[in-house]
Each structure stands twice: as structure tokens, then as C-alpha cells.
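> Sharing run_21.cif here; it has mmCIF, C-alpha atoms.
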data_data
loop_
_atom_site.group_PDB
_atom_site.id
_atom_site.type_symbol
_atom_site.label_atom_id
_atom_site.label_comp_id
_atom_site.auth_asym_id
_atom_site.auth_seq_id
_atom_site.Cartn_x
_atom_site.Cartn_y
_atom_site.Cartn_z
ATOM 1 C CA MET C 205 17.642 6.436 2.833
ATOM 2 C CA ASP C 206 21.337 7.257 2.640
ATOM 3 C CA ASN C 207 21.723 6.797 -1.134
ATOM 4 C CA CYS C 208 18.410 8.307 -2.240
ATOM 5 C CA ILE C 209 18.903 11.554 -4.148
ATOM 6 C CA PHE C 210 15.371 12.714 -3.322
ATOM 7 C CA CYS C 211 15.893 12.072 0.405
ATOM 8 C CA LYS C 212 19.048 14.186 0.195
ATOM 9 C CA ILE C 213 17.104 16.977 -1.533
ATOM 10 C CA ILE C 214 14.344 16.770 1.086
ATOM 11 C CA ASP C 215 16.986 17.055 3.835
ATOM 12 C CA HIS C 216 18.646 20.003 2.019
ATOM 13 C CA LYS C 217 21.846 17.993 1.596
ATOM 14 C CA GLN C 218 21.660 18.047 -2.213
ATOM 15 C CA PRO C 219 20.951 21.189 -4.246
ATOM 16 C CA ALA C 220 17.687 21.467 -6.135
ATOM 17 C CA LYS C 221 15.253 24.196 -7.033
ATOM 18 C CA ILE C 222 12.628 23.629 -4.369
ATOM 19 C CA VAL C 223 9.308 25.224 -5.322
ATOM 20 C CA TYR C 224 7.161 23.950 -2.451
ATOM 21 C CA GLU C 225 7.618 22.460 1.014
ATOM 22 C CA ASP C 226 5.309 21.469 3.834
ATOM 23 C CA GLU C 227 5.425 18.909 6.630
ATOM 24 C CA GLN C 228 4.607 16.017 4.264
ATOM 25 C CA VAL C 229 5.646 16.973 0.723
ATOM 26 C CA VAL C 230 8.532 18.657 -1.108
ATOM 27 C CA ALA C 231 8.312 19.726 -4.755
ATOM 28 C CA ILE C 232 11.176 20.604 -7.077
ATOM 29 C CA GLU C 233 11.762 21.552 -10.696
ATOM 30 C CA ASP C 234 12.824 18.558 -12.798
ATOM 31 C CA ILE C 235 16.440 18.796 -13.980
ATOM 32 C CA ARG C 236 15.468 17.296 -17.366
ATOM 33 C CA PRO C 237 12.137 18.973 -18.114
ATOM 34 C CA GLN C 238 9.878 17.354 -20.700
ATOM 35 C CA SER C 239 7.560 20.364 -20.923
ATOM 36 C CA PRO C 240 7.689 24.089 -20.108
ATOM 37 C CA VAL C 241 6.444 23.220 -16.606
ATOM 38 C CA HIS C 242 7.848 19.997 -15.166
ATOM 39 C CA LEU C 243 7.766 19.637 -11.401
ATOM 40 C CA LEU C 244 8.206 16.646 -9.101
ATOM 41 C CA ALA C 245 6.200 16.348 -5.883
ATOM 42 C CA MET C 246 7.540 13.774 -3.445
ATOM 43 C CA PRO C 247 6.651 12.665 0.056
ATOM 44 C CA ARG C 248 9.137 13.363 2.838
ATOM 45 C CA LYS C 249 8.593 9.734 3.844
ATOM 46 C CA HIS C 250 10.769 7.448 1.750
ATOM 47 C CA LEU C 251 8.566 5.144 -0.321
ATOM 48 C CA PRO C 252 10.529 3.459 -3.131
ATOM 49 C CA SER C 253 7.464 3.198 -5.406
ATOM 50 C CA LEU C 254 3.700 3.108 -5.431
ATOM 51 C CA ASN C 255 4.004 -0.656 -4.890
ATOM 52 C CA ASP C 256 5.380 0.080 -1.414
ATOM 53 C CA ALA C 257 2.445 2.239 -0.337
ATOM 54 C CA GLU C 258 0.139 0.769 2.279
ATOM 55 C CA GLY C 259 -3.238 1.729 3.666
ATOM 56 C CA SER C 260 -1.547 3.950 6.243
ATOM 57 C CA ASP C 261 -0.059 5.982 3.349
ATOM 58 C CA ALA C 262 -3.454 7.023 1.954
ATOM 59 C CA THR C 263 -3.193 10.491 3.497
ATOM 60 C CA ILE C 264 0.219 11.202 1.978
ATOM 61 C CA LEU C 265 -0.878 9.901 -1.432
ATOM 62 C CA GLY C 266 -3.823 12.258 -1.344
ATOM 63 C CA ARG C 267 -1.561 15.088 -0.211
ATOM 64 C CA LEU C 268 0.767 14.503 -3.184
ATOM 65 C CA PHE C 269 -2.097 15.088 -5.611
ATOM 66 C CA THR C 270 -3.438 18.047 -3.638
ATOM 67 C CA VAL C 271 0.003 19.651 -3.851
ATOM 68 C CA ALA C 272 0.203 18.797 -7.576
ATOM 69 C CA ALA C 273 -3.090 20.642 -8.154
ATOM 70 C CA HIS C 274 -1.860 23.598 -6.082
ATOM 71 C CA LEU C 275 1.344 23.801 -8.122
ATOM 72 C CA ALA C 276 -0.627 23.646 -11.378
ATOM 73 C CA ARG C 277 -2.894 26.488 -10.219
ATOM 74 C CA GLU C 278 0.130 28.556 -9.189
ATOM 75 C CA ARG C 279 1.489 28.185 -12.712
ATOM 76 C CA GLN C 280 -1.929 28.910 -14.274
ATOM 77 C CA LEU C 281 -2.160 25.494 -15.929
ATOM 78 C CA GLU C 282 -5.674 24.569 -14.814
ATOM 79 C CA SER C 283 -7.549 26.306 -17.626
ATOM 80 C CA ARG C 284 -5.765 24.510 -20.480
ATOM 81 C CA GLY C 285 -4.850 21.343 -18.652
ATOM 82 C CA TYR C 286 -1.847 19.543 -17.267
ATOM 83 C CA ARG C 287 -0.722 15.994 -16.713
ATOM 84 C CA THR C 288 0.176 14.182 -13.485
ATOM 85 C CA VAL C 289 2.216 11.011 -13.815
ATOM 86 C CA ILE C 290 3.675 8.405 -11.480
ATOM 87 C CA ASN C 291 6.242 6.163 -13.151
ATOM 88 C CA ASN C 292 6.280 2.883 -11.249
ATOM 89 C CA GLY C 293 9.200 0.583 -11.971
ATOM 90 C CA PRO C 294 11.884 0.538 -14.660
ATOM 91 C CA TRP C 295 9.613 -0.365 -17.584
ATOM 92 C CA ALA C 296 7.484 2.676 -16.773
ATOM 93 C CA GLY C 297 10.525 4.953 -16.695
ATOM 94 C CA GLN C 298 11.062 5.285 -12.947
ATOM 95 C CA THR C 299 14.713 6.284 -12.508
ATOM 96 C CA VAL C 300 14.724 7.329 -8.839
ATOM 97 C CA ASP C 301 13.475 4.837 -6.270
ATOM 98 C CA HIS C 302 11.472 7.375 -4.272
ATOM 99 C CA LEU C 303 7.782 7.810 -5.083
ATOM 100 C CA HIS C 304 7.115 11.096 -6.881
ATOM 101 C CA VAL C 305 4.389 12.708 -8.969
ATOM 102 C CA HIS C 306 5.369 14.517 -12.157
ATOM 103 C CA VAL C 307 3.366 17.681 -12.834
ATOM 104 C CA LEU C 308 3.679 18.546 -16.527
ATOM 105 C CA GLY C 309 2.119 21.426 -18.409
ATOM 106 C CA GLY C 310 2.544 24.354 -20.738
ATOM 107 C CA ARG C 311 2.215 22.368 -23.962
ATOM 108 C CA VAL C 312 -0.222 20.026 -25.706
ATOM 109 C CA PHE C 313 0.048 16.351 -24.745
ATOM 110 C CA HIS C 314 -1.239 13.441 -26.809
ATOM 111 C CA TRP C 315 -2.691 10.069 -25.938
ATOM 112 C CA PRO C 316 -1.424 7.490 -25.603
ATOM 113 C CA PRO C 317 1.800 8.784 -24.058
ATOM 114 C CA GLY C 318 5.141 7.382 -25.145
#
How would this structure read if it were set down as C-alpha cells?


Amino acid sequence: MDNCIFCKIIDHKQPAKIVYEDEQVVAIEDIRPQSPVHLLAMPRKHLPSLNDAEGSDATILGRLFTVAAHLARERQLESRGYRTVINNGPWAGQTVDHLHVHVLGGRVFHWPPG
């Protein structure tokens, strides 16, 4: 999408600190981190939100979480724990209309969030 900031990052047309790339997923550091580790994993395919995912997207959805786990292991978060979050829609806090998984860690989280 021409106006999507994440599509521009994926295409290397917008600067970002890319921490992971493969044929399906790109991950970056969040520019407004909410924890010591705050990464965003996003599919190369433009999906505005989880609501737009279809059965044919099952592989990429699984890949997003596989990459999230890989990133958490790289940052040694697995022993103490980390959080993965998908904000879906404005009431949930989604500010960029491109599906992405937040990987948060390095501090204690509480439940319920927010």
C-alpha cells in the first residue's frame, strides 16, 4: 500500500531498525518502546488487521508467532517470560493499519493489561 508506513519499511523506503527479515516477515524495533524489549513483527503481505486475515493466511499468521518466539529467544526473554500482542482496531490501540505482533519483554507485566 502506498501510504502504509510498514509497507515502506518492508520495502526499505522508510528508515527503521530492522532486526529480522525473511521471505514472509520483517521485524523492527518499536520507535516508542513500552518495555526494555519492544519489537514489531509484520508480514510482508499487507493485511490491514487480523480481521482481514483469511484461511489462506494461516501460514503467515503462524510464521509471525514463530518469528516472535525466535526474537524472544535471541534476546534471552524465554526464561522469565514475554508478551505477544496484536492490537486490532482503534479501541484496542492499533495505530498502523498493517497487521503486526508486538513482542514485549525485559520487565514484569501485570494482568489485566491497560

> In terms of the shortest atom-to-atom distance over all atoms listed in the file, which of C:Val289, C:Arg284, C:Ala273, C:Gln228 is closest to C:Arg248?

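Among C:Val289, C:Arg284, C:Ala273, C:Gln228, it is C:Gln228 that comes nearest to C:Arg248.
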
> Return as a list in words the set of residues that the PyMOL selection byres ((chain C and resi 222-224) around 10) yields on the displayed structure.

Ile213, Ile214, His216, Pro219, Ala220, Lys221, Glu225, Asp226, Val229, Val230, Ala231, Ile232, Glu233, Asp234, Leu243, Leu244, Ala245, Val271, His274 and Leu275 of chain C

> Given the file shown, enumerate the residues that the PyMOL selection byres ((chain C and resi 318) around 12) captures and present them as a CSV table (one decimal) with C-alpha atoms, in the coordinates of the input.


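This is the output file out.csv:
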chain,number,residue,atom,x,y,z
C,238,GLN,CA,9.9,17.4,-20.7
C,295,TRP,CA,9.6,-0.4,-17.6
C,296,ALA,CA,7.5,2.7,-16.8
C,297,GLY,CA,10.5,5.0,-16.7
C,313,PHE,CA,0.0,16.4,-24.7
C,314,HIS,CA,-1.2,13.4,-26.8
C,315,TRP,CA,-2.7,10.1,-25.9
C,316,PRO,CA,-1.4,7.5,-25.6
C,317,PRO,CA,1.8,8.8,-24.1

> The PyMOL selection byres ((chain C and resi 307) around 6) - which residues does that actually catch in the file I just gave you? List them as a VMD selection string.

chain C and resid 242 to 243 287 to 288 306 308

> Report, in Å with one decimal, the straight-line distance from atom CA of C:His250 to atom CA of C:Thr263.

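Distance between the two atoms: 14.4 Å.
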
> So that all listed atoms of stretch 293-303 of chain C fit with 3 Å spare on each side, what axis-aligned box centre and edge lengths in Å, to one decimal, would you give as JSON?


{"center_x": 11.1, "center_y": 3.7, "center_z": -10.9, "size_x": 13.2, "size_y": 14.2, "size_z": 19.3}

> Just to confirm, what's the straight-line distance from atom CA of C:Ile235 to atom CA of C:Thr270 in Å (one decimal)?

22.4 Å

> Select, from C:Leu265, C:Ser260, C:Glu278, C:Pro252, the residue with the minimum atom-to-atom distance to C:Asn292, counting all atoms listed in the file.

C:Pro252

> Smallest atom-to-atom distance to C:Lys249: which of C:Phe210, C:Gln298, C:Gly310, C:Ala272, using only C-alpha atoms?

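Looking at the shortest contact to C:Lys249, the residue is C:Phe210.
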
> Point out the residue among C:Met246, C:Cys208, C:Leu254, C:Glu227 with the least atom-to-atom distance to C:Val305, counting only C-alpha atoms.

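Going through C:Met246, C:Cys208, C:Leu254, C:Glu227 one by one, the smallest distance to C:Val305 is for C:Met246.
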
> Using all atoms listed in the file, which of C:Leu281, C:Tyr286, C:Pro247, C:Ser239 sits nearest C:Arg267?

C:Pro247

> Please provide the set of residues having any atom within 10 Å of C:Asp256, restricted to all atoms listed in the file, with same-chain residues fewer than 5 positions apart removed, written as a list of chain:residue names.

C:His250, C:Leu251, C:Asp261, C:His302, C:Leu303

> Separation of atom CA of C:Pro237 and atom CA of C:Ala262, in Å?

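Atom CA of C:Ala262 lies at a distance of 28.1 Å from atom CA of C:Pro237.
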
> From the options C:Gly259, C:Asp206, C:Asp215, C:Gly309, which residue's atoms come nearest to C:Ser283, counting all atoms listed in the file?

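Under the stated criterion, the closest residue is C:Gly309.
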